[in-house]
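**Q** As input, take target.cif (mmCIF, C-alpha atoms):
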data_structure
#
loop_
_atom_site.label_atom_id
_atom_site.label_comp_id
_atom_site.auth_asym_id
_atom_site.auth_seq_id
_atom_site.Cartn_x
_atom_site.Cartn_y
_atom_site.Cartn_z
CA MET A 1 129.76 55.17 53.85
CA THR A 2 133.33 55.01 55.04
CA ILE A 3 133.43 54.70 58.76
CA SER A 4 136.55 56.00 60.34
CA ALA A 5 138.16 54.66 63.45
CA ASP A 6 137.98 58.16 64.89
CA ASP A 7 134.29 57.94 64.64
CA ASP A 8 134.31 54.83 66.82
CA ALA A 9 136.54 56.60 69.30
CA VAL A 10 134.08 59.47 69.61
CA LEU A 11 131.21 57.07 70.15
CA VAL A 12 133.20 55.13 72.73
CA ALA A 13 133.95 58.36 74.59
CA HIS A 14 130.27 59.27 74.65
CA ALA A 15 129.24 55.80 75.75
CA ARG A 16 131.84 55.89 78.51
CA ALA A 17 130.46 59.18 79.68
CA GLY A 18 127.12 57.48 80.17
CA ASP A 19 125.36 57.89 76.82
CA PRO A 20 123.88 54.51 75.90
CA ASP A 21 122.65 55.84 72.55
CA ALA A 22 126.25 56.18 71.44
CA PHE A 23 126.77 52.56 72.33
CA ALA A 24 123.66 51.63 70.33
CA VAL A 25 125.34 53.09 67.25
CA LEU A 26 128.45 51.00 67.92
CA VAL A 27 126.25 47.92 68.31
CA ARG A 28 124.51 48.53 65.01
CA ARG A 29 127.78 49.19 63.27
CA HIS A 30 129.67 46.18 64.52
CA ALA A 31 126.93 43.60 65.01
CA PRO A 32 127.34 42.06 61.52
CA MET A 33 131.05 41.45 62.03
CA ALA A 34 130.47 40.28 65.59
CA MET A 35 127.93 37.73 64.35
CA ARG A 36 130.25 36.56 61.59
CA THR A 37 133.11 36.19 64.04
CA ALA A 38 131.04 34.16 66.48
CA ALA A 39 129.62 31.97 63.73
CA LEU A 40 132.93 31.38 61.97
CA LEU A 41 134.80 30.69 65.18
CA GLY A 42 132.27 28.00 65.87
CA ALA A 43 129.53 29.40 68.08
CA GLY A 44 127.00 27.67 65.84
CA ALA A 45 123.45 28.00 67.05
CA ASN A 46 124.71 29.93 70.07
CA ALA A 47 126.05 32.79 67.97
CA GLU A 48 123.20 35.14 68.80
CA ASP A 49 123.49 34.53 72.56
CA VAL A 50 127.24 34.76 72.39
CA VAL A 51 127.15 38.08 70.57
CA GLN A 52 124.48 39.50 72.83
CA ASP A 53 126.48 38.59 75.93
CA ALA A 54 129.66 39.89 74.34
CA LEU A 55 128.11 43.25 73.51
CA VAL A 56 126.72 43.68 77.01
CA LYS A 57 130.10 42.73 78.45
CA ALA A 58 131.80 45.17 76.11
CA TYR A 59 129.60 47.94 77.46
CA GLY A 60 130.49 47.00 81.01
CA SER A 61 134.17 46.92 80.06
CA LEU A 62 134.28 50.21 78.18
CA GLY A 63 136.25 51.71 81.05
CA ARG A 64 138.90 49.11 80.31
CA PHE A 65 139.12 50.00 76.67
CA ARG A 66 142.38 51.74 75.95
CA GLU A 67 141.79 54.95 74.16
CA GLY A 68 143.35 55.15 70.77
CA ARG A 69 143.09 51.41 70.14
CA PRO A 70 140.82 50.10 67.41
CA PHE A 71 137.41 49.41 68.87
CA ARG A 72 136.45 46.70 66.43
CA ALA A 73 139.32 44.37 67.25
CA TRP A 74 138.75 44.94 70.95
CA LEU A 75 135.07 44.05 70.58
CA LEU A 76 135.79 41.00 68.46
CA ARG A 77 138.23 39.81 71.07
CA ILE A 78 135.40 39.78 73.58
CA VAL A 79 133.24 37.94 71.05
CA ALA A 80 135.99 35.37 70.51
CA ASN A 81 136.37 34.88 74.26
CA GLU A 82 132.64 34.47 74.69
CA THR A 83 132.62 31.95 71.87
CA ARG A 84 135.31 29.96 73.64
CA ASN A 85 133.44 30.17 76.93
CA ALA A 86 130.27 29.00 75.25
CA HIS A 87 132.16 25.95 74.00
CA ARG A 88 133.55 25.21 77.36
CA SER A 89 130.25 25.39 79.14
CA SER A 90 128.19 23.52 76.61
CA THR A 91 127.93 19.79 76.22
CA ARG A 92 129.06 17.43 73.52
CA ARG A 93 126.06 18.44 71.47
CA SER A 94 127.93 21.53 70.38
CA ALA A 95 130.98 19.64 69.19
CA ARG A 96 129.26 19.50 65.83
CA GLU A 97 128.55 23.18 66.00
CA GLN A 98 132.23 23.94 66.25
CA ARG A 99 132.50 23.27 62.57
CA THR A 100 133.90 26.36 61.01
CA PRO A 101 131.76 27.62 59.44
CA PRO A 102 128.70 25.41 59.51
CA PRO A 103 128.02 24.40 55.90
CA GLU A 104 124.41 25.53 56.07
CA LEU A 105 125.66 29.09 56.22
CA LEU A 106 127.16 28.82 52.77
CA ASP A 107 125.40 30.73 50.07
CA PRO A 108 123.21 28.14 48.36
CA VAL A 109 123.06 30.17 45.16
CA GLY A 110 126.54 29.25 43.95
CA GLU A 111 127.19 26.76 41.18
CA VAL A 112 127.28 23.15 42.24
CA VAL A 113 130.91 22.67 41.23
CA HIS A 114 131.94 25.65 43.28
CA ARG A 115 129.86 24.47 46.17
CA GLU A 116 131.60 21.12 46.16
CA GLU A 117 134.96 22.75 46.01
CA LYS A 118 134.04 25.00 48.90
CA GLN A 119 132.74 22.08 50.86
CA ARG A 120 136.08 20.37 50.38
CA LEU A 121 137.85 23.45 51.62
CA LEU A 122 135.52 23.62 54.61
CA ASP A 123 136.16 20.00 55.45
CA ALA A 124 139.91 20.55 55.28
CA LEU A 125 139.56 23.62 57.47
CA ASP A 126 137.51 21.62 59.87
CA ARG A 127 140.25 19.04 60.29
CA LEU A 128 142.82 21.63 61.32
CA PRO A 129 143.74 21.81 65.00
CA VAL A 130 141.56 24.44 66.60
CA THR A 131 144.38 26.96 67.19
CA LEU A 132 145.47 26.89 63.55
CA ARG A 133 141.89 26.98 62.36
CA ALA A 134 141.12 30.05 64.43
CA VAL A 135 144.03 31.99 62.95
CA VAL A 136 143.21 30.98 59.37
CA THR A 137 139.56 31.84 59.98
CA CYS A 138 140.29 35.28 61.37
CA ARG A 139 142.91 36.16 58.83
CA TYR A 140 141.19 34.96 55.66
CA LEU A 141 137.54 34.11 56.20
CA LEU A 142 136.93 37.16 58.37
CA GLU A 143 139.60 39.12 56.49
CA LEU A 144 141.11 40.65 59.59
CA ASP A 145 144.64 41.92 59.27
CA GLU A 146 147.49 40.39 61.19
CA ALA A 147 147.35 42.86 64.08
CA GLU A 148 143.61 42.44 64.45
CA THR A 149 143.93 38.67 64.36
CA ALA A 150 146.52 38.84 67.13
CA GLU A 151 144.28 41.05 69.23
CA VAL A 152 141.11 39.07 68.64
CA LEU A 153 142.74 35.76 69.50
CA SER A 154 144.86 37.22 72.31
CA VAL A 155 148.09 35.88 70.90
CA PRO A 156 151.31 37.65 69.90
CA ARG A 157 151.73 38.63 66.26
CA GLY A 158 154.59 36.21 65.85
CA THR A 159 152.26 33.40 66.87
CA VAL A 160 149.72 34.55 64.29
CA LYS A 161 152.42 34.39 61.62
CA SER A 162 153.66 30.94 62.55
CA ARG A 163 150.19 29.45 63.01
CA LEU A 164 149.09 30.94 59.75
CA SER A 165 151.92 29.40 57.79
CA ARG A 166 151.45 26.04 59.51
CA GLY A 167 147.71 26.19 58.94
CA LEU A 168 148.06 27.02 55.27
CA ALA A 169 150.71 24.34 54.77
CA ARG A 170 148.45 21.71 56.29
CA LEU A 171 145.51 22.85 54.23
CA ARG A 172 147.60 22.58 51.09
CA VAL A 173 148.63 19.06 51.93
CA GLU A 174 145.06 18.06 52.71
CA LEU A 175 143.65 19.61 49.57
CA ASP A 176 146.35 18.20 47.31
CA ALA A 177 145.83 14.75 48.77
CA GLY A 178 142.07 15.10 48.27
CA THR A 179 142.54 16.15 44.66
CA ASP A 180 144.91 13.32 43.88
CA SER A 181 142.65 10.65 45.26
CA GLU A 182 139.69 12.05 43.42
CA VAL A 183 141.60 12.07 40.18
CA GLY A 184 142.43 8.45 40.84
CA HIS A 185 138.82 7.50 41.43
CA VAL A 186 137.27 9.28 38.50
CA MET B 187 145.16 23.72 43.04
CA SER B 188 146.26 25.32 46.27
CA ASP B 189 148.44 28.14 44.98
CA ALA B 190 145.51 30.50 45.31
CA LEU B 191 144.54 29.02 48.63
CA GLU B 192 144.44 32.35 50.40
CA ALA B 193 142.13 33.79 47.77
CA ARG B 194 139.90 30.73 47.99
CA LEU B 195 139.66 31.05 51.74
CA ARG B 196 138.67 34.68 51.40
CA GLU B 197 136.06 33.76 48.85
CA LEU B 198 134.77 31.08 51.18
CA GLY B 199 134.43 33.63 53.93
CA ARG B 200 132.52 36.00 51.69
CA ASP B 201 130.24 33.18 50.77
CA VAL B 202 129.20 32.68 54.34
CA ARG B 203 125.98 34.46 55.14
CA VAL B 204 125.42 35.33 58.76
CA GLU B 205 122.32 37.32 59.48
CA VAL B 206 122.18 39.77 62.33
CA PRO B 207 119.09 38.80 64.33
CA ARG B 208 116.56 41.58 64.07
CA ASP B 209 116.08 41.99 67.80
CA LEU B 210 119.77 41.77 68.69
CA GLU B 211 120.30 45.49 69.09
CA ALA B 212 117.12 45.93 71.11
CA ALA B 213 117.99 43.02 73.37
CA VAL B 214 121.51 44.34 73.95
CA MET B 215 120.34 47.87 74.61
CA THR B 216 117.68 46.76 77.07
CA ARG B 217 120.39 45.03 79.08
CA VAL B 218 122.81 47.93 78.65
CA ARG B 219 120.31 50.52 79.83
CA ALA B 220 119.68 48.45 82.92
CA ALA B 221 123.41 48.39 83.68
CA PRO B 222 125.29 51.20 85.40
CA VAL B 223 127.40 53.63 83.44
CA PRO B 224 130.66 51.89 82.55
CA SER B 225 133.38 52.77 84.99
CA VAL B 226 137.06 52.83 84.38
CA GLY B 227 138.79 49.65 85.36
CA ARG B 228 139.58 46.17 84.30
CA ARG B 229 137.64 43.58 86.16
CA THR B 230 134.63 43.11 83.95
CA ARG B 231 132.80 40.51 85.90
CA LEU B 232 132.90 42.49 89.07
CA ARG B 233 132.30 45.86 87.60
CA ARG B 234 128.57 45.94 87.26
CA TRP B 235 127.62 45.63 90.85
CA VAL B 236 130.78 47.19 92.13
CA ALA B 237 130.04 50.34 90.19
CA GLY B 238 126.57 50.31 91.66
CA ALA B 239 127.94 50.13 95.15
CA PHE B 240 130.32 52.97 94.44
CA LEU B 241 127.67 55.26 93.04
CA GLY B 242 125.49 54.52 95.99
CA LEU B 243 128.19 55.52 98.39
CA LEU B 244 129.50 58.56 96.60
CA GLY B 245 126.84 60.74 98.07
CA VAL B 246 128.10 59.98 101.51
CA GLY B 247 131.63 60.87 100.61
CA VAL B 248 133.15 58.41 102.99
CA VAL B 249 133.26 54.79 102.14
CA ALA B 250 133.13 52.31 104.93
CA SER B 251 133.64 48.69 104.10
CA PRO B 252 131.31 45.87 104.88
CA VAL B 253 133.67 43.39 106.44
CA GLY B 254 133.83 40.12 104.64
CA ALA B 255 132.60 41.38 101.32
CA SER B 256 134.69 39.93 98.57
CA VAL B 257 134.59 43.15 96.68
CA LEU B 258 134.28 46.42 98.43
CA ASP B 259 133.99 49.34 96.14
CA TRP B 260 134.90 50.43 92.76
CA PHE B 261 136.84 53.64 92.62
CA GLY B 262 137.19 55.44 89.38
CA PHE B 263 140.94 55.55 89.55
CA HIS B 264 142.56 54.24 86.45
CA GLY B 265 144.35 51.06 87.10
CA VAL B 266 143.37 50.69 90.72
CA VAL B 267 140.80 48.37 92.06
CA VAL B 268 139.98 48.04 95.70
CA VAL B 269 138.57 44.85 97.09
CA GLY B 270 137.18 44.41 100.54
CA GLY B 271 137.94 42.05 103.32
CA GLN B 272 140.50 42.09 106.06
CA PRO B 273 144.11 42.26 105.02
CA ARG B 274 146.39 39.50 106.15
CA ALA B 275 147.14 39.90 109.80
CA THR B 276 150.90 39.99 109.65
CA ASP B 277 153.65 42.25 110.81
CA GLU B 278 153.94 45.91 110.16
CA PRO B 279 154.03 46.65 106.47
CA THR B 280 157.38 47.59 105.03
CA VAL B 281 157.71 50.08 102.26
CA PRO B 282 160.22 48.85 99.70
CA GLY B 283 162.69 51.46 98.52
CA GLU B 284 164.13 51.60 95.05
CA PRO B 285 167.81 51.43 94.16
CA ALA B 286 169.74 54.58 93.39
CA GLY B 287 171.42 54.95 90.04
CA LEU B 288 168.67 55.47 87.52
CA GLY B 289 168.04 59.15 86.83
CA LEU B 290 164.62 60.71 86.35
CA ASP B 291 165.39 61.48 82.73
CA ALA B 292 166.39 57.89 82.05
CA ALA B 293 163.20 56.72 83.77
CA ALA B 294 161.16 59.08 81.61
CA ASP B 295 162.80 57.61 78.50
CA LEU B 296 162.03 54.06 79.58
CA ALA B 297 158.45 54.74 80.62
CA GLY B 298 157.49 57.21 77.95
CA PHE B 299 156.20 59.77 80.39
CA THR B 300 157.83 62.27 82.73
CA PRO B 301 157.43 61.18 86.33
CA VAL B 302 155.84 63.66 88.67
CA VAL B 303 158.03 64.63 91.64
CA PRO B 304 156.46 66.14 94.78
CA ALA B 305 158.37 69.28 95.70
CA LEU B 306 157.96 68.50 99.39
CA LEU B 307 160.00 65.33 98.97
CA GLY B 308 162.58 66.71 96.56
CA ASP B 309 164.71 64.56 94.30
CA PRO B 310 164.11 60.87 94.94
CA ASP B 311 166.78 58.67 96.48
CA GLY B 312 165.75 55.74 94.34
CA VAL B 313 164.19 55.48 90.88
CA ALA B 314 163.01 52.35 89.13
CA VAL B 315 160.98 51.47 86.07
CA SER B 316 159.06 48.20 85.93
CA ALA B 317 160.30 45.58 83.49
CA ASP B 318 157.44 46.32 81.12
CA GLY B 319 158.23 50.01 81.26
CA GLU B 320 154.81 50.94 82.54
CA ILE B 321 155.31 51.87 86.17
CA VAL B 322 157.82 54.39 87.46
CA SER B 323 158.57 54.06 91.16
CA LEU B 324 160.34 56.72 93.17
CA SER B 325 161.45 56.34 96.76
CA TRP B 326 162.74 58.58 99.50
CA GLY B 327 164.42 57.72 102.77
CA SER B 328 165.14 54.27 104.13
CA GLY B 329 163.88 51.78 106.67
CA GLU B 330 160.67 52.65 108.46
CA ASP B 331 160.82 56.16 107.13
CA THR B 332 160.64 55.13 103.48
CA VAL B 333 158.08 56.81 101.26
CA ARG B 334 157.45 55.61 97.76
CA LEU B 335 155.48 56.93 94.84
CA ASP B 336 154.34 54.65 92.03
CA GLU B 337 153.22 56.33 88.85
CA PHE B 338 151.63 54.91 85.76
CA ARG B 339 149.46 55.92 82.89
CA GLY B 340 145.80 55.56 83.66
CA SER B 341 144.76 52.99 81.16
CA ILE B 342 147.78 50.77 81.29
CA ASP B 343 148.40 47.41 82.79
CA PRO B 344 149.24 46.13 85.20
CA MET B 345 147.08 47.74 87.74
CA PHE B 346 147.17 47.70 91.46
CA LEU B 347 144.82 45.54 93.34
CA LYS B 348 144.21 46.54 96.89
CA SER B 349 142.48 44.73 99.65
CA VAL B 350 141.45 47.08 102.42
CA ASP B 351 139.11 47.17 105.32
CA GLN B 352 138.93 50.91 105.48
CA SER B 353 139.16 53.62 102.90
CA ARG B 354 138.13 57.20 102.50
CA ILE B 355 137.63 59.49 99.61
CA VAL B 356 139.27 62.84 100.24
CA THR B 357 139.53 66.01 98.23
CA ILE B 358 142.88 67.37 97.16
CA ASP B 359 143.92 70.08 94.71
CA ALA B 360 144.06 67.65 91.84
CA GLY B 361 140.56 66.40 92.55
CA VAL B 362 139.46 63.33 94.39
CA ALA B 363 141.89 61.02 96.13
CA LEU B 364 141.52 57.73 97.86
CA TRP B 365 143.06 57.33 101.31
CA LEU B 366 143.82 53.86 102.55
CA ALA B 367 144.81 54.47 106.16
CA THR B 368 145.34 50.94 107.35
CA PRO B 369 147.73 48.24 106.20
CA HIS B 370 146.34 46.55 103.13
CA ASP B 371 147.33 43.97 100.59
CA VAL B 372 148.58 45.39 97.38
CA GLY B 373 149.32 43.47 94.23
CA VAL B 374 149.40 43.84 90.53
CA VAL B 375 146.83 42.44 88.16
CA THR B 376 147.84 41.41 84.70
CA ASP B 377 146.04 41.97 81.45
CA ASP B 378 144.91 38.43 80.83
CA GLY B 379 141.51 39.14 82.26
CA SER B 380 142.18 37.16 85.37
CA THR B 381 142.69 38.43 88.86
CA ARG B 382 146.16 37.06 89.22
CA ARG B 383 148.07 38.93 91.85
CA LEU B 384 151.76 39.46 91.59
CA ASP B 385 154.14 40.56 94.27
CA ALA B 386 151.39 40.75 96.85
CA ARG B 387 152.62 42.47 99.93
CA LEU B 388 151.25 44.35 102.88
CA ALA B 389 151.22 48.05 102.15
CA ALA B 390 151.56 51.01 104.47
CA PRO B 391 149.03 53.87 104.46
CA THR B 392 148.48 54.94 100.89
CA LEU B 393 147.03 57.86 99.02
CA VAL B 394 145.90 57.30 95.43
CA TRP B 395 145.08 60.13 93.08
CA THR B 396 145.21 61.00 89.43
CA GLN B 397 147.04 63.86 87.84
CA GLY B 398 146.67 64.39 84.12
CA ASP B 399 146.74 60.94 82.60
CA LEU B 400 148.83 59.54 85.43
CA THR B 401 147.64 57.56 88.38
CA LEU B 402 149.82 58.09 91.43
CA ARG B 403 150.05 56.05 94.56
CA LEU B 404 151.96 57.41 97.51
CA GLU B 405 152.83 54.92 100.19
CA GLY B 406 154.53 55.46 103.52
CA ASP B 407 154.05 55.90 107.21
CA ARG B 408 152.49 59.34 106.95
CA THR B 409 149.28 60.90 108.18
CA LEU B 410 146.54 61.85 105.79
CA GLU B 411 147.46 65.52 106.15
CA GLN B 412 151.10 64.85 105.35
CA ALA B 413 150.19 62.66 102.41
CA VAL B 414 147.82 65.29 100.99
CA ALA B 415 150.47 67.98 101.37
CA ILE B 416 152.95 65.79 99.49
CA ALA B 417 150.40 65.05 96.78
CA GLU B 418 149.55 68.70 96.36
CA SER B 419 153.22 69.56 95.94
CA ALA B 420 153.54 67.15 93.02
CA ARG B 421 154.13 68.81 89.70
#
Could I get this file's structure written as structure tokens?
**A**
Amino acid sequence: MTISADDDAVLVAHARAGDPDAFAVLVRRHAPMAMRTAALLGAGANAEDVVQDALVKAYGSLGRFREGRPFRAWLLRIVANETRNAHRSSTRRSAREQRTPPPELLDPVGEVVHREEKQRLLDALDRLPVTLRAVVTCRYLLELDEAETAEVLSVPRGTVKSRLSRGLARLRVELDAGTDSEVGHV
Amino acid sequence: MSDALEARLRELGRDVRVEVPRDLEAAVMTRVRAAPVPSVGRRTRLRRWVAGAFLGLLGVGVVASPVGASVLDWFGFHGVVVVGGQPRATDEPTVPGEPAGLGLDAAADLAGFTPVVPALLGDPDGVAVSADGEIVSLSWGSGEDTVRLDEFRGSIDPMFLKSVDQSRIVTIDAGVALWLATPHDVGVVTDDGSTRRLDARLAAPTLVWTQGDLTLRLEGDRTLEQAVAIAESAR
């Protein structure tokens, strides 16, 4: 079940040489993460269109892909860019859809207490400035490592580090404040 | 409450269910199969139809440019894109030389690859490495007689952007080369996905070819035959 990066590299080489079936394998392999990335970065109802466009663009850009680099991060970068473009071109309607992630995506099976706690966390995440939110989302919700986060968001690693620590600090403040006030009310 | 914040965020992420639409793969592959084989280059938006134009013209062997087209042809040279249209009508192009002082070995250290030197030209008079360490430039002679050779790894940035009204594909020992006989704009495109041009200048006749994983661009007031001879002496 372990999929090695080498494996991706072989498939990329085949796809580049004009074998679309090899690209189909890459699509199948990375579609779940691509969908998650689009949804969590705020593509909302457009996630499917965004991912479809991103995958087609990725195919067209395979010649640009630098051999030896991780394919997944490269692909997710295209997904992230498409997500941003989708925001830019859509109307105010989608402002709501930029919530990260939309609460309806949360697993409804969890215990109510946990759901409320998660909702609070989501709300706090939602109030972060978009640049901080994107880094926190990539690094923790999508569980990308620091290098992948930098690549996906097209920012230097140092920026990932600083935004991450600022994002977490703000979340802590928000959550602590929320907890205090609730304690006061109950 | 927030000491385990990172763990809680991870848990939140795992809690998010995002389905892959069942027809996603089919929809993508339908579009992919309708698109041309991906070609090597960087300008995604242009690539699809540019590649089509290139494949259509390959059979002819000689590429003539439709004047006024914003994009002329896509050539499969790493890091080089050619766009159509007339170059700026200005003076004769000048070929910038490089300063003496840097040795070839030092350049190789900075760039991470050993620059190719055409035997016909001998040791270069000037050697330079771009600030980002990705392009090695060699130059010979001075004034109107200057010849320069820019070398870079195929898949690296920046790449050269050329605007030409005439170009030919020629065959040399190393394979296929692109001959740009007339003055043309040359610039460098950065990796931010845009088409920003840096240091745009009018270039002299140029031969572009690839050797191993290097893309080489020879520029100077030389004929095609002279340029090919120089290219074929490059080791």
**Q** If we count all atoms listed in the file, which residues of chain A reach to within 7 Å of chain B? Please list them as a PDB file with C-alpha atoms, in the frame of the given file.
**A**
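Result file is selection01.pdb:
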ATOM      1  CA  ARG A  16     131.840  55.890  78.510  1.00  0.00           C
ATOM      2  CA  GLY A  18     127.120  57.480  80.170  1.00  0.00           C
ATOM      3  CA  PRO A  20     123.880  54.510  75.900  1.00  0.00           C
ATOM      4  CA  ALA A  24     123.660  51.630  70.330  1.00  0.00           C
ATOM      5  CA  VAL A  27     126.250  47.920  68.310  1.00  0.00           C
ATOM      6  CA  ARG A  28     124.510  48.530  65.010  1.00  0.00           C
ATOM      7  CA  ALA A  31     126.930  43.600  65.010  1.00  0.00           C
ATOM      8  CA  PRO A  32     127.340  42.060  61.520  1.00  0.00           C
ATOM      9  CA  MET A  35     127.930  37.730  64.350  1.00  0.00           C
ATOM     10  CA  ARG A  36     130.250  36.560  61.590  1.00  0.00           C
ATOM     11  CA  GLN A  52     124.480  39.500  72.830  1.00  0.00           C
ATOM     12  CA  LEU A  55     128.110  43.250  73.510  1.00  0.00           C
ATOM     13  CA  VAL A  56     126.720  43.680  77.010  1.00  0.00           C
ATOM     14  CA  TYR A  59     129.600  47.940  77.460  1.00  0.00           C
ATOM     15  CA  GLY A  60     130.490  47.000  81.010  1.00  0.00           C
ATOM     16  CA  SER A  61     134.170  46.920  80.060  1.00  0.00           C
ATOM     17  CA  LEU A  62     134.280  50.210  78.180  1.00  0.00           C
ATOM     18  CA  GLY A  63     136.250  51.710  81.050  1.00  0.00           C
ATOM     19  CA  ARG A  64     138.900  49.110  80.310  1.00  0.00           C
ATOM     20  CA  ARG A  66     142.380  51.740  75.950  1.00  0.00           C
ATOM     21  CA  LEU A 105     125.660  29.090  56.220  1.00  0.00           C
ATOM     22  CA  LEU A 106     127.160  28.820  52.770  1.00  0.00           C
ATOM     23  CA  ASP A 107     125.400  30.730  50.070  1.00  0.00           C
ATOM     24  CA  LYS A 118     134.040  25.000  48.900  1.00  0.00           C
ATOM     25  CA  TYR A 140     141.190  34.960  55.660  1.00  0.00           C
ATOM     26  CA  LEU A 141     137.540  34.110  56.200  1.00  0.00           C
ATOM     27  CA  LEU A 142     136.930  37.160  58.370  1.00  0.00           C
ATOM     28  CA  GLU A 143     139.600  39.120  56.490  1.00  0.00           C
ATOM     29  CA  ARG A 172     147.600  22.580  51.090  1.00  0.00           C
TER      30      ARG A 172
END
**Q** How many Å separate atom CA of Thr396 of chain B from atom CA of Gln412 of chain B?
**A**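 Calculated distance between atom CA of Thr396 of chain B and atom CA of Gln412 of chain B is 17.4 Å.
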**Q** Tell me which protein, DNA and RNA residues are within 12 Å of Arg170 of chain A, counting all atoms listed in the file, leaving out same-chain ones fewer than 3 positions away, and put them as a ChimeraX atom specification.
**A** /A:121,124-129,132-133,136,163-167,173-177 /B:188,191
**Q** For a test of reading the model, state the distance in Å between atom CA of Phe65 of chain A and atom CA of Glu418 of chain B, rounded to one decimal.
**A**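 Straight-line distance from atom CA of Phe65 of chain A to atom CA of Glu418 of chain B works out to 29.1 Å.
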**Q** To one decimal in Å, tell me the separation between atom CA of Leu306 of chain B and atom CA of Val414 of chain B.
**A**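 Separation between atom CA of Leu306 of chain B and atom CA of Val414 of chain B: 10.8 Å.
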**Q** Would you please work out which residue, of B:Gly312, B:Pro304, B:Pro282, B:Gly289, is nearest to Gly329 of chain B when using only C-alpha atoms?
**A** B:Pro282
**Q** Measuring between only C-alpha atoms, which one of A:Ala73, A:Cys138, A:Leu40, A:Ala34 shows the shortest distance to Leu122 of chain A?
**A** A:Leu40
**Q** For the provided coordinates, the residues matched by the PyMOL selection byres ((chain A and resi 149) around 12) should be stated as number ranges by chain.
**A** A: 37, 72-74, 76-77, 80, 132, 134-148, 150-161, 163-164
**Q** How would the residues just chosen look if you wrote them out with C-alpha atoms as an mmCIF file, in the frame of the given file?
**A**
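Wrote out07.cif, looks like this:
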data_model
loop_
_atom_site.group_PDB
_atom_site.id
_atom_site.type_symbol
_atom_site.label_atom_id
_atom_site.label_comp_id
_atom_site.auth_asym_id
_atom_site.auth_seq_id
_atom_site.Cartn_x
_atom_site.Cartn_y
_atom_site.Cartn_z
ATOM 1 C CA THR A 37 133.110 36.190 64.040
ATOM 2 C CA ARG A 72 136.450 46.700 66.430
ATOM 3 C CA ALA A 73 139.320 44.370 67.250
ATOM 4 C CA TRP A 74 138.750 44.940 70.950
ATOM 5 C CA LEU A 76 135.790 41.000 68.460
ATOM 6 C CA ARG A 77 138.230 39.810 71.070
ATOM 7 C CA ALA A 80 135.990 35.370 70.510
ATOM 8 C CA LEU A 132 145.470 26.890 63.550
ATOM 9 C CA ALA A 134 141.120 30.050 64.430
ATOM 10 C CA VAL A 135 144.030 31.990 62.950
ATOM 11 C CA VAL A 136 143.210 30.980 59.370
ATOM 12 C CA THR A 137 139.560 31.840 59.980
ATOM 13 C CA CYS A 138 140.290 35.280 61.370
ATOM 14 C CA ARG A 139 142.910 36.160 58.830
ATOM 15 C CA TYR A 140 141.190 34.960 55.660
ATOM 16 C CA LEU A 141 137.540 34.110 56.200
ATOM 17 C CA LEU A 142 136.930 37.160 58.370
ATOM 18 C CA GLU A 143 139.600 39.120 56.490
ATOM 19 C CA LEU A 144 141.110 40.650 59.590
ATOM 20 C CA ASP A 145 144.640 41.920 59.270
ATOM 21 C CA GLU A 146 147.490 40.390 61.190
ATOM 22 C CA ALA A 147 147.350 42.860 64.080
ATOM 23 C CA GLU A 148 143.610 42.440 64.450
ATOM 24 C CA ALA A 150 146.520 38.840 67.130
ATOM 25 C CA GLU A 151 144.280 41.050 69.230
ATOM 26 C CA VAL A 152 141.110 39.070 68.640
ATOM 27 C CA LEU A 153 142.740 35.760 69.500
ATOM 28 C CA SER A 154 144.860 37.220 72.310
ATOM 29 C CA VAL A 155 148.090 35.880 70.900
ATOM 30 C CA PRO A 156 151.310 37.650 69.900
ATOM 31 C CA ARG A 157 151.730 38.630 66.260
ATOM 32 C CA GLY A 158 154.590 36.210 65.850
ATOM 33 C CA THR A 159 152.260 33.400 66.870
ATOM 34 C CA VAL A 160 149.720 34.550 64.290
ATOM 35 C CA LYS A 161 152.420 34.390 61.620
ATOM 36 C CA ARG A 163 150.190 29.450 63.010
ATOM 37 C CA LEU A 164 149.090 30.940 59.750
#
